[in-house]
Amino acid sequence: MTEGVQVSGSLRNRLAVTLTGGAAVLAVLLFIVVRSYAAQIAQQGQDSILSASVTSILDAAVIRDGVVEIDFPYASFSMLSTPMDDRIFYAIYQDDTLLSGYGDLPRTAGTATRAYQGSAVRLATASRVLIGANVRTRISVTVAQTQDALSGTLSRISRNVALFGAGFFALATLLSIWATAATIEPLQRLTTSVTRRGPQDLSPVAKPVPLEMLPLVASLNSLMARLDQSLRQSEDFIAEAAHRVRTPLATVRSYAEATLQRVDREENRQALRSMIRAIDESSRAAGQLLDHAMITFRADHLERDDLDLVDLLRELVLRLTPVAEMKDIELHLRADGPVIINGDPILLQNALRNLIDNALKYAPGESVIGIRIITEPRFQVEIRDQGPGFPADEIANLTERFSRGRNAVGTIGSGLGLTIAQDVAAAHGGSLALSNLPEGGACVTFSL
Amino acid sequence: MKFLLVEDNADLAAAICSRMQLDGHVIDHADTIQDAIAFSETGEYDLILLDIMLPDGDGRTFLQRHRAGKRDTPVIVLTARSQVSDRISMLDLGADDYVTKPFDHEELQARCRAVLRRKSGTAQTVMQIGDVAFDPVAGHLTVAGEVVNLRNRELRLLELLFNAPGQIFAKQKLVDRLFSYDEDVSENAIEVYIGRLRKHLEPSSLRITTLRGLGYRLDHD
């Protein structure tokens, strides 16, 4: 029943994508923030050691006899040692003259990172003014260190943060799947409860639904209430219309029959007989047209139930026996034990009734109509009569709507009986087969 | 037999009544549920014919009250509906059978007989002429102490003759009563059944006389 409905996206997908996408963005953000914060702290650590080293060198600078002397304290370089054996560079300038160290080492104010000898180095520079007897000079010290240990630490931190971010993402994804399922579930429950209904069930949805679904369910309920009311109205209308039409027909028929008993002139009698036949014809056609419409409607939504085929046939035979007796026809039902099948009882009853009705119409007086249930290889009901049988050249077309056999001339019927039976059989996945018996008579096999 | 007809359409009721009286039945007519209840509580009926759509309610209401009152008079519903499920619900409510309007009177009577036969013992339907006792409901004939079972057409033919001994019945009228209107039969078809009845009645004091060109008559020696 989903054809004709336009689909625009899926709530489930939309929700899942939004939630997992949000989780992914959050995980990446978390990674970037934590990593840059860690890098900043690590850098601060290196910077403070570099500054301490520079300061300790500056502190060791003295002017002796007008000459600057620096005695490097051991700690000024040892404090910079790292497990990665980072290289250390230094440069000492007196005013702008290199006193000692690497002259090509970049000089910066404060701390900075520069490329030097093919790798990135962190530099710290500080200066101090030395005042001697008549000397006033400025000593500037730069210490640089490569960043192998630092980047090692940083990559370790990055890996851990990345793992943490991935874990967070996985957990958030699981959570979003669960949340999506939990949100969609009441919707699915509603769908199931509406889909499982029989075609006649137009009662409102009674199960509790989430607040957000209330407007939808409320309008669904009101739609079904209106549908129920209009169905009821049209049923009442059909019943009323049938009553209005059939009651006067019954009046005419009864009067015609009563008059036929009193009238003697053959031409008057003939007219009355034609009148009765016409009434029967029209009422039968109206009835079968309604039946056919009902069957077409119900065939789309079979109300299947387990039922006993023998029981159903027994009741039909009981119901039709008075009619059969009027022609001294014996309805012979051969069946023992219950035969349980799954089908729509109203449709099956209507179809089988039409078939037995047909047999009754065409069978001669004082004959036997045999009804038999076959269970192997499939469920079949076989109806045999001792009438004239089907015209051989028409047998293939007889189940068409409004088609009647040649020998039906003069017999009252609408040509819908076999069509109804065939439609019902088809709705149950079966078929209707017509054949003539070698000893004469028709045989109709209704298979399920 | 004595019938109660519950039908609000005056024309149809009159037609049914006149047709029933023609066959020698007694029939009372009620046109509302109220009247129907009053009739059924005071009179003794063999059968009730009930219309479903009545001015003061649904005929099914009557059916329920009728059954609740422990009355077992059989009820045949006259319905204008033809939906199968509707038919079933009426049988569930305690109707013994139903016919769909417009109905064949012969079929209605056949159904009446079938219903009465199922509830055997409720109706006194045996008719007696001379040494012949005839029970149209049970469908048998007692001739000189011997019970003869009749076929349906024999039964209906004999019922017609038994209701009016001495009256002449034209062949064509008998054909119209015995065969349905869509059966193509000649007048001579009736002779077979007359022949059979004569054989059944052989040992008795009853005779079926042929009046050439006029028809048949049941005579009592």
# chains A, B, ... in the order shown; residues from 1 in each chain; ligands from 1
$ closest_atom_pairs --of "chain A" --to "chain B" --cutoff "7 Å" --atoms "only C-alpha atoms" --output "JSON lines"
{"residue": "A:Ala239", "atom": "CA", "partner": "B:Arg81", "partner_atom": "CA", "distance": 6.0}
{"residue": "A:Ala242", "atom": "CA", "partner": "B:Ala80", "partner_atom": "CA", "distance": 5.9}
{"residue": "A:His243", "atom": "CA", "partner": "B:Ala80", "partner_atom": "CA", "distance": 4.8}
{"residue": "A:Arg246", "atom": "CA", "partner": "B:Lys101", "partner_atom": "CA", "distance": 5.6}
{"residue": "A:Thr247", "atom": "CA", "partner": "B:Lys101", "partner_atom": "CA", "distance": 6.4}
{"residue": "A:Leu249", "atom": "CA", "partner": "B:Pro102", "partner_atom": "CA", "distance": 5.7}
{"residue": "A:Ala250", "atom": "CA", "partner": "B:Pro102", "partner_atom": "CA", "distance": 3.8}
{"residue": "A:Thr251", "atom": "CA", "partner": "B:Leu12", "partner_atom": "CA", "distance": 4.3}
{"residue": "A:Arg253", "atom": "CA", "partner": "B:Pro102", "partner_atom": "CA", "distance": 6.7}
{"residue": "A:Ser254", "atom": "CA", "partner": "B:Ala15", "partner_atom": "CA", "distance": 5.4}
{"residue": "A:Tyr255", "atom": "CA", "partner": "B:Ala15", "partner_atom": "CA", "distance": 5.3}
{"residue": "A:Ala258", "atom": "CA", "partner": "B:Arg19", "partner_atom": "CA", "distance": 5.1}
{"residue": "A:Gln261", "atom": "CA", "partner": "B:Lys173", "partner_atom": "CA", "distance": 6.6}
{"residue": "A:Arg273", "atom": "CA", "partner": "B:Tyr181", "partner_atom": "CA", "distance": 6.5}
{"residue": "A:Arg277", "atom": "CA", "partner": "B:Tyr181", "partner_atom": "CA", "distance": 6.4}
{"residue": "A:Gly287", "atom": "CA", "partner": "B:Ser82", "partner_atom": "CA", "distance": 6.0}
{"residue": "A:Asp291", "atom": "CA", "partner": "B:Gln83", "partner_atom": "CA", "distance": 6.8}
{"residue": "A:Pro322", "atom": "CA", "partner": "B:Ala110", "partner_atom": "CA", "distance": 5.4}
{"residue": "A:Val323", "atom": "CA", "partner": "B:Glu107", "partner_atom": "CA", "distance": 6.2}
{"residue": "A:Glu325", "atom": "CA", "partner": "B:Asn152", "partner_atom": "CA", "distance": 5.8}
{"residue": "A:Met326", "atom": "CA", "partner": "B:Asn152", "partner_atom": "CA", "distance": 5.9}
{"residue": "A:Lys327", "atom": "CA", "partner": "B:Arg153", "partner_atom": "CA", "distance": 7.0}
{"residue": "A:Asp328", "atom": "CA", "partner": "B:Asn152", "partner_atom": "CA", "distance": 5.7}
{"residue": "A:Ile346", "atom": "CA", "partner": "B:Ser85", "partner_atom": "CA", "distance": 6.6}
{"residue": "A:Gly410", "atom": "CA", "partner": "B:Asp182", "partner_atom": "CA", "distance": 5.8}
{"residue": "A:Thr411", "atom": "CA", "partner": "B:Asp182", "partner_atom": "CA", "distance": 5.1}
{"residue": "A:Ile412", "atom": "CA", "partner": "B:Asp182", "partner_atom": "CA", "distance": 6.3}
$ write_last_selection --atoms "N, CA and C atoms" --output "compact mmCIF listing (two decimals), in the first residue's frame"
# COMPACT_ATOMS: atom_id res chain seq x y z
N ALA A 239 -29.21 -0.25 1.91
CA ALA A 239 -30.26 -1.07 2.51
C ALA A 239 -31.62 -0.42 2.27
N ALA A 242 -32.51 -0.64 -1.43
CA ALA A 242 -32.92 -2.00 -1.76
C ALA A 242 -34.34 -2.25 -1.25
N HIS A 243 -34.60 -1.79 -0.02
CA HIS A 243 -35.92 -1.96 0.58
C HIS A 243 -36.98 -1.27 -0.27
N ARG A 246 -37.19 -3.25 -3.68
CA ARG A 246 -37.58 -4.65 -3.64
C ARG A 246 -38.99 -4.87 -3.09
N THR A 247 -39.42 -3.98 -2.17
CA THR A 247 -40.74 -4.18 -1.60
C THR A 247 -41.84 -4.02 -2.66
N LEU A 249 -41.47 -4.44 -5.83
CA LEU A 249 -41.30 -5.58 -6.74
C LEU A 249 -41.98 -6.81 -6.16
N ALA A 250 -41.81 -6.99 -4.85
CA ALA A 250 -42.42 -8.14 -4.19
C ALA A 250 -43.94 -8.04 -4.27
N THR A 251 -44.44 -6.81 -4.13
CA THR A 251 -45.89 -6.61 -4.23
C THR A 251 -46.39 -7.03 -5.61
N ARG A 253 -44.96 -8.98 -7.74
CA ARG A 253 -44.81 -10.41 -7.98
C ARG A 253 -45.91 -11.19 -7.28
N SER A 254 -46.20 -10.81 -6.03
CA SER A 254 -47.23 -11.53 -5.28
C SER A 254 -48.58 -11.40 -5.96
N TYR A 255 -48.92 -10.17 -6.39
CA TYR A 255 -50.20 -9.97 -7.07
C TYR A 255 -50.24 -10.76 -8.37
N ALA A 258 -50.83 -14.37 -7.58
CA ALA A 258 -52.19 -14.61 -7.13
C ALA A 258 -53.16 -14.50 -8.31
N GLN A 261 -53.48 -17.43 -10.62
CA GLN A 261 -54.32 -18.53 -10.16
C GLN A 261 -55.78 -18.34 -10.57
N ARG A 273 -46.92 -14.50 -16.64
CA ARG A 273 -45.68 -15.29 -16.48
C ARG A 273 -44.47 -14.48 -16.89
N ARG A 277 -41.25 -13.41 -14.63
CA ARG A 277 -39.88 -13.69 -15.04
C ARG A 277 -39.02 -12.42 -15.05
N GLY A 287 -29.23 -8.17 -7.11
CA GLY A 287 -28.57 -8.86 -6.00
C GLY A 287 -27.16 -9.28 -6.35
N ASP A 291 -23.59 -8.21 -4.86
CA ASP A 291 -22.67 -9.25 -4.37
C ASP A 291 -21.32 -9.12 -5.05
N PRO A 322 -34.86 -26.75 0.49
CA PRO A 322 -36.25 -26.47 0.10
C PRO A 322 -36.39 -26.12 -1.37
N VAL A 323 -35.41 -25.36 -1.91
CA VAL A 323 -35.47 -24.98 -3.33
C VAL A 323 -35.25 -26.22 -4.20
N GLU A 325 -35.87 -29.29 -3.40
CA GLU A 325 -37.02 -30.19 -3.26
C GLU A 325 -38.16 -29.81 -4.19
N MET A 326 -38.24 -28.50 -4.49
CA MET A 326 -39.33 -28.08 -5.37
C MET A 326 -39.22 -28.73 -6.73
N LYS A 327 -37.99 -29.11 -7.10
CA LYS A 327 -37.81 -29.82 -8.36
C LYS A 327 -37.51 -31.30 -8.10
N ASP A 328 -37.72 -31.72 -6.86
CA ASP A 328 -37.39 -33.09 -6.45
C ASP A 328 -35.94 -33.44 -6.77
N ILE A 346 -17.44 -15.42 4.28
CA ILE A 346 -18.56 -14.80 3.57
C ILE A 346 -18.39 -14.95 2.07
N GLY A 410 -33.94 -18.41 -21.58
CA GLY A 410 -35.15 -18.79 -20.87
C GLY A 410 -34.92 -19.06 -19.40
N THR A 411 -33.65 -19.21 -19.00
CA THR A 411 -33.36 -19.42 -17.60
C THR A 411 -33.00 -18.08 -16.98
N ILE A 412 -33.50 -17.84 -15.76
CA ILE A 412 -33.26 -16.54 -15.14
C ILE A 412 -31.86 -16.48 -14.57
$ residues_around --residues "segment 175-185 of chain A" --least-positions-apart "4" --cutoff "12 Å" --atoms "only C-alpha atoms" --output "mmCIF file with C-alpha atoms, in the first residue's frame"
data_model
loop_
_atom_site.group_PDB
_atom_site.id
_atom_site.type_symbol
_atom_site.label_atom_id
_atom_site.label_comp_id
_atom_site.auth_asym_id
_atom_site.auth_seq_id
_atom_site.Cartn_x
_atom_site.Cartn_y
_atom_site.Cartn_z
ATOM 1 C CA SER A 10 13.908 9.308 6.363
ATOM 2 C CA LEU A 11 13.331 10.512 9.888
ATOM 3 C CA ARG A 12 15.522 7.725 11.195
ATOM 4 C CA ASN A 13 18.411 8.619 8.862
ATOM 5 C CA ARG A 14 18.014 12.325 9.456
ATOM 6 C CA LEU A 15 18.130 11.839 13.200
ATOM 7 C CA ALA A 16 21.042 9.377 13.059
ATOM 8 C CA VAL A 17 23.066 11.588 10.709
ATOM 9 C CA THR A 18 22.481 14.686 12.822
ATOM 10 C CA LEU A 19 23.447 12.955 16.038
ATOM 11 C CA THR A 20 26.564 11.146 14.753
ATOM 12 C CA GLY A 21 27.636 14.188 12.699
ATOM 13 C CA GLY A 22 27.361 16.340 15.820
ATOM 14 C CA ALA A 23 29.375 13.789 17.762
ATOM 15 C CA ALA A 24 32.085 13.783 15.059
ATOM 16 C CA PHE A 168 33.942 9.527 22.526
ATOM 17 C CA PHE A 169 32.743 9.393 18.911
ATOM 18 C CA ALA A 170 32.036 5.653 19.038
ATOM 19 C CA LEU A 171 30.125 5.994 22.289
ATOM 20 C CA ARG A 189 4.057 0.666 16.891
ATOM 21 C CA LEU A 190 1.323 2.949 15.573
ATOM 22 C CA THR A 191 1.988 1.801 11.994
ATOM 23 C CA THR A 192 1.750 -1.850 12.991
ATOM 24 C CA VAL A 209 1.086 7.666 22.011
ATOM 25 C CA PRO A 210 3.836 10.254 22.683
ATOM 26 C CA LEU A 211 2.728 13.881 22.981
ATOM 27 C CA GLU A 212 4.355 14.840 19.662
ATOM 28 C CA MET A 213 2.321 12.234 17.780
#
$ residues_around --residues "Ala144 of chain A" --least-positions-apart "5" --cutoff "8 Å" --atoms "only C-alpha atoms" --output "list in words"
Leu50, Ile88, Phe89, Tyr90, Val121, Arg122, Leu123 and Ala124 of chain A
$ atom_distance --atom1 "atom CA of Ser193 of chain A" --atom2 "atom CA of Glu235 of chain A"
25.8 Å
$ select_by_dssp --residues "segment 2-203 of chain B" --states "strand (DSSP E)" --output "PyMOL selection string"
chain B and resi 2-6+26-30+47-51+53-54+57-58+75-79+97-100+127-129+132-135+140-143+146-149+168-169
$ atom_distance --atom1 "atom CA of Arg304 of chain A" --atom2 "atom CA of Val339 of chain A"
15.4 Å
$ residues_around --residues "Met275 of chain A" --least-positions-apart "5" --cutoff "9 Å" --atoms "only C-alpha atoms" --output "list in words"
Val252, Arg253, Ala256, Gln270 and Asp280 of chain A
$ atom_distance --atom1 "atom CA of Ile129 of chain B" --atom2 "atom CA of Tyr193 of chain B"
19.9 Å
$ residues_around --residues "Ala206 of chain A" --least-positions-apart "4" --cutoff "12 Å" --atoms "only C-alpha atoms" --output "PyMOL selection string"
chain A and resi 190+193-194+202+214+217-218+220-221
$ write_last_selection --atoms "N, CA, C and O atoms" --output "tab-separated table (two decimals), in the first residue's frame"
chain	number	residue	atom	x	y	z
A	190	LEU	N	2.57	2.41	16.11
A	190	LEU	CA	1.32	2.95	15.57
A	190	LEU	C	1.06	2.37	14.18
A	190	LEU	O	-0.04	1.91	13.88
A	193	SER	N	-0.09	-1.19	14.41
A	193	SER	CA	-1.45	-1.36	14.92
A	193	SER	C	-2.48	-0.93	13.89
A	193	SER	O	-3.57	-1.46	13.83
A	194	VAL	N	-2.11	0.03	13.02
A	194	VAL	CA	-3.06	0.45	11.97
A	194	VAL	C	-3.06	-0.57	10.83
A	194	VAL	O	-4.10	-0.92	10.29
A	202	LEU	N	-12.69	0.33	11.90
A	202	LEU	CA	-12.43	1.76	11.79
A	202	LEU	C	-12.48	2.40	13.17
A	202	LEU	O	-12.79	3.58	13.31
A	214	LEU	N	0.47	13.14	19.04
A	214	LEU	CA	-0.94	13.34	19.35
A	214	LEU	C	-1.72	13.99	18.21
A	214	LEU	O	-2.78	13.49	17.83
A	217	VAL	N	-2.24	11.38	15.41
A	217	VAL	CA	-3.16	10.31	15.78
A	217	VAL	C	-4.58	10.86	15.92
A	217	VAL	O	-5.55	10.22	15.52
A	218	ALA	N	-4.68	12.09	16.46
A	218	ALA	CA	-6.01	12.68	16.61
A	218	ALA	C	-6.66	12.88	15.25
A	218	ALA	O	-7.84	12.56	15.07
A	220	LEU	N	-5.90	11.22	12.52
A	220	LEU	CA	-6.15	9.88	11.98
A	220	LEU	C	-7.47	9.34	12.53
A	220	LEU	O	-8.31	8.82	11.80
A	221	ASN	N	-7.64	9.50	13.85
A	221	ASN	CA	-8.87	9.02	14.49
A	221	ASN	C	-10.09	9.72	13.93
A	221	ASN	O	-11.12	9.09	13.68
$ decode --residues "segment 250-365 of chain A" --atoms "C-alpha atoms" --output "compact mmCIF listing (two decimals), in the first residue's frame"
# COMPACT_ATOMS: atom_id res chain seq x y z
CA ALA A 250 -42.42 -8.14 -4.19
CA THR A 251 -45.89 -6.61 -4.23
CA VAL A 252 -46.10 -6.85 -8.01
CA ARG A 253 -44.81 -10.41 -7.98
CA SER A 254 -47.23 -11.53 -5.28
CA TYR A 255 -50.20 -9.97 -7.07
CA ALA A 256 -49.08 -11.43 -10.38
CA GLU A 257 -48.84 -14.89 -8.85
CA ALA A 258 -52.19 -14.61 -7.13
CA THR A 259 -53.81 -13.31 -10.33
CA LEU A 260 -52.28 -16.17 -12.32
CA GLN A 261 -54.32 -18.53 -10.16
CA ARG A 262 -57.57 -16.81 -11.10
CA VAL A 263 -57.09 -15.93 -14.76
CA ASP A 264 -58.09 -18.47 -17.39
CA ARG A 265 -57.30 -16.86 -20.76
CA GLU A 266 -53.97 -18.20 -21.98
CA GLU A 267 -52.70 -14.87 -23.40
CA ASN A 268 -53.29 -13.17 -20.02
CA ARG A 269 -51.56 -16.01 -18.26
CA GLN A 270 -48.63 -15.72 -20.65
CA ALA A 271 -48.33 -11.98 -19.89
CA LEU A 272 -48.36 -12.63 -16.15
CA ARG A 273 -45.68 -15.29 -16.48
CA SER A 274 -43.47 -12.91 -18.46
CA MET A 275 -44.03 -10.28 -15.80
CA ILE A 276 -42.91 -12.64 -13.04
CA ARG A 277 -39.88 -13.69 -15.04
CA ALA A 278 -38.88 -10.06 -15.62
CA ILE A 279 -39.20 -9.29 -11.90
CA ASP A 280 -37.07 -12.31 -11.00
CA GLU A 281 -34.51 -11.34 -13.59
CA SER A 282 -34.16 -7.77 -12.35
CA SER A 283 -34.03 -8.65 -8.66
CA ARG A 284 -31.52 -11.40 -9.24
CA ALA A 285 -29.34 -9.12 -11.35
CA ALA A 286 -29.49 -6.38 -8.72
CA GLY A 287 -28.57 -8.86 -6.00
CA GLN A 288 -25.67 -10.32 -7.93
CA LEU A 289 -24.37 -6.91 -8.94
CA LEU A 290 -24.27 -5.92 -5.28
CA ASP A 291 -22.67 -9.25 -4.37
CA HIS A 292 -20.12 -8.80 -7.11
CA ALA A 293 -19.28 -5.28 -5.92
CA MET A 294 -18.92 -6.54 -2.35
CA ILE A 295 -16.68 -9.38 -3.51
CA THR A 296 -14.47 -7.08 -5.56
CA PHE A 297 -14.09 -4.89 -2.49
CA ARG A 298 -13.45 -7.75 -0.08
CA ALA A 299 -11.10 -9.61 -2.41
CA ASP A 300 -8.56 -6.83 -1.82
CA HIS A 301 -8.74 -7.27 1.93
CA LEU A 302 -9.62 -10.89 2.61
CA GLU A 303 -10.83 -11.46 6.14
CA ARG A 304 -9.26 -14.86 6.48
CA ASP A 305 -10.27 -17.19 9.23
CA ASP A 306 -9.98 -20.88 9.96
CA LEU A 307 -13.26 -22.50 8.99
CA ASP A 308 -14.72 -25.92 8.44
CA LEU A 309 -15.54 -26.36 4.75
CA VAL A 310 -17.83 -29.29 5.54
CA ASP A 311 -19.78 -27.17 8.01
CA LEU A 312 -20.12 -24.36 5.49
CA LEU A 313 -21.36 -26.72 2.76
CA ARG A 314 -23.71 -28.51 5.14
CA GLU A 315 -25.33 -25.20 6.04
CA LEU A 316 -25.61 -24.21 2.38
CA VAL A 317 -27.19 -27.56 1.53
CA LEU A 318 -29.65 -27.19 4.40
CA ARG A 319 -30.50 -23.70 3.21
CA LEU A 320 -30.94 -24.73 -0.44
CA THR A 321 -32.74 -28.02 0.17
CA PRO A 322 -36.25 -26.47 0.10
CA VAL A 323 -35.47 -24.98 -3.33
CA ALA A 324 -34.00 -28.28 -4.55
CA GLU A 325 -37.02 -30.19 -3.26
CA MET A 326 -39.33 -28.08 -5.37
CA LYS A 327 -37.81 -29.82 -8.36
CA ASP A 328 -37.39 -33.09 -6.45
CA ILE A 329 -33.64 -32.70 -6.77
CA GLU A 330 -31.47 -34.34 -4.16
CA LEU A 331 -28.47 -32.36 -2.91
CA HIS A 332 -26.00 -35.03 -2.01
CA LEU A 333 -23.06 -33.83 0.09
CA ARG A 334 -20.28 -36.35 0.40
CA ALA A 335 -17.92 -35.36 3.20
CA ASP A 336 -16.75 -36.90 6.40
CA GLY A 337 -14.95 -35.24 9.22
CA PRO A 338 -14.15 -31.57 9.39
CA VAL A 339 -11.98 -30.06 6.64
CA ILE A 340 -10.36 -26.99 8.12
CA ILE A 341 -9.24 -24.36 5.64
CA ASN A 342 -8.17 -20.74 5.90
CA GLY A 343 -10.35 -18.32 3.95
CA ASP A 344 -12.97 -15.61 3.97
CA PRO A 345 -16.17 -17.36 5.09
CA ILE A 346 -18.56 -14.80 3.57
CA LEU A 347 -16.90 -14.88 0.16
CA LEU A 348 -16.61 -18.66 0.10
CA GLN A 349 -20.24 -19.05 1.10
CA ASN A 350 -21.34 -16.66 -1.61
CA ALA A 351 -19.24 -18.35 -4.30
CA LEU A 352 -20.31 -21.90 -3.44
CA ARG A 353 -23.92 -20.79 -3.15
CA ASN A 354 -23.76 -19.37 -6.65
CA LEU A 355 -22.35 -22.63 -7.99
CA ILE A 356 -25.01 -24.80 -6.32
CA ASP A 357 -27.69 -22.31 -7.43
CA ASN A 358 -26.46 -22.73 -10.98
CA ALA A 359 -26.58 -26.51 -10.76
CA LEU A 360 -30.13 -26.27 -9.35
CA LYS A 361 -31.21 -24.07 -12.23
CA TYR A 362 -29.94 -26.33 -14.99
CA ALA A 363 -30.46 -29.78 -13.46
CA PRO A 364 -33.63 -31.61 -14.50
CA GLY A 365 -36.30 -32.57 -11.96
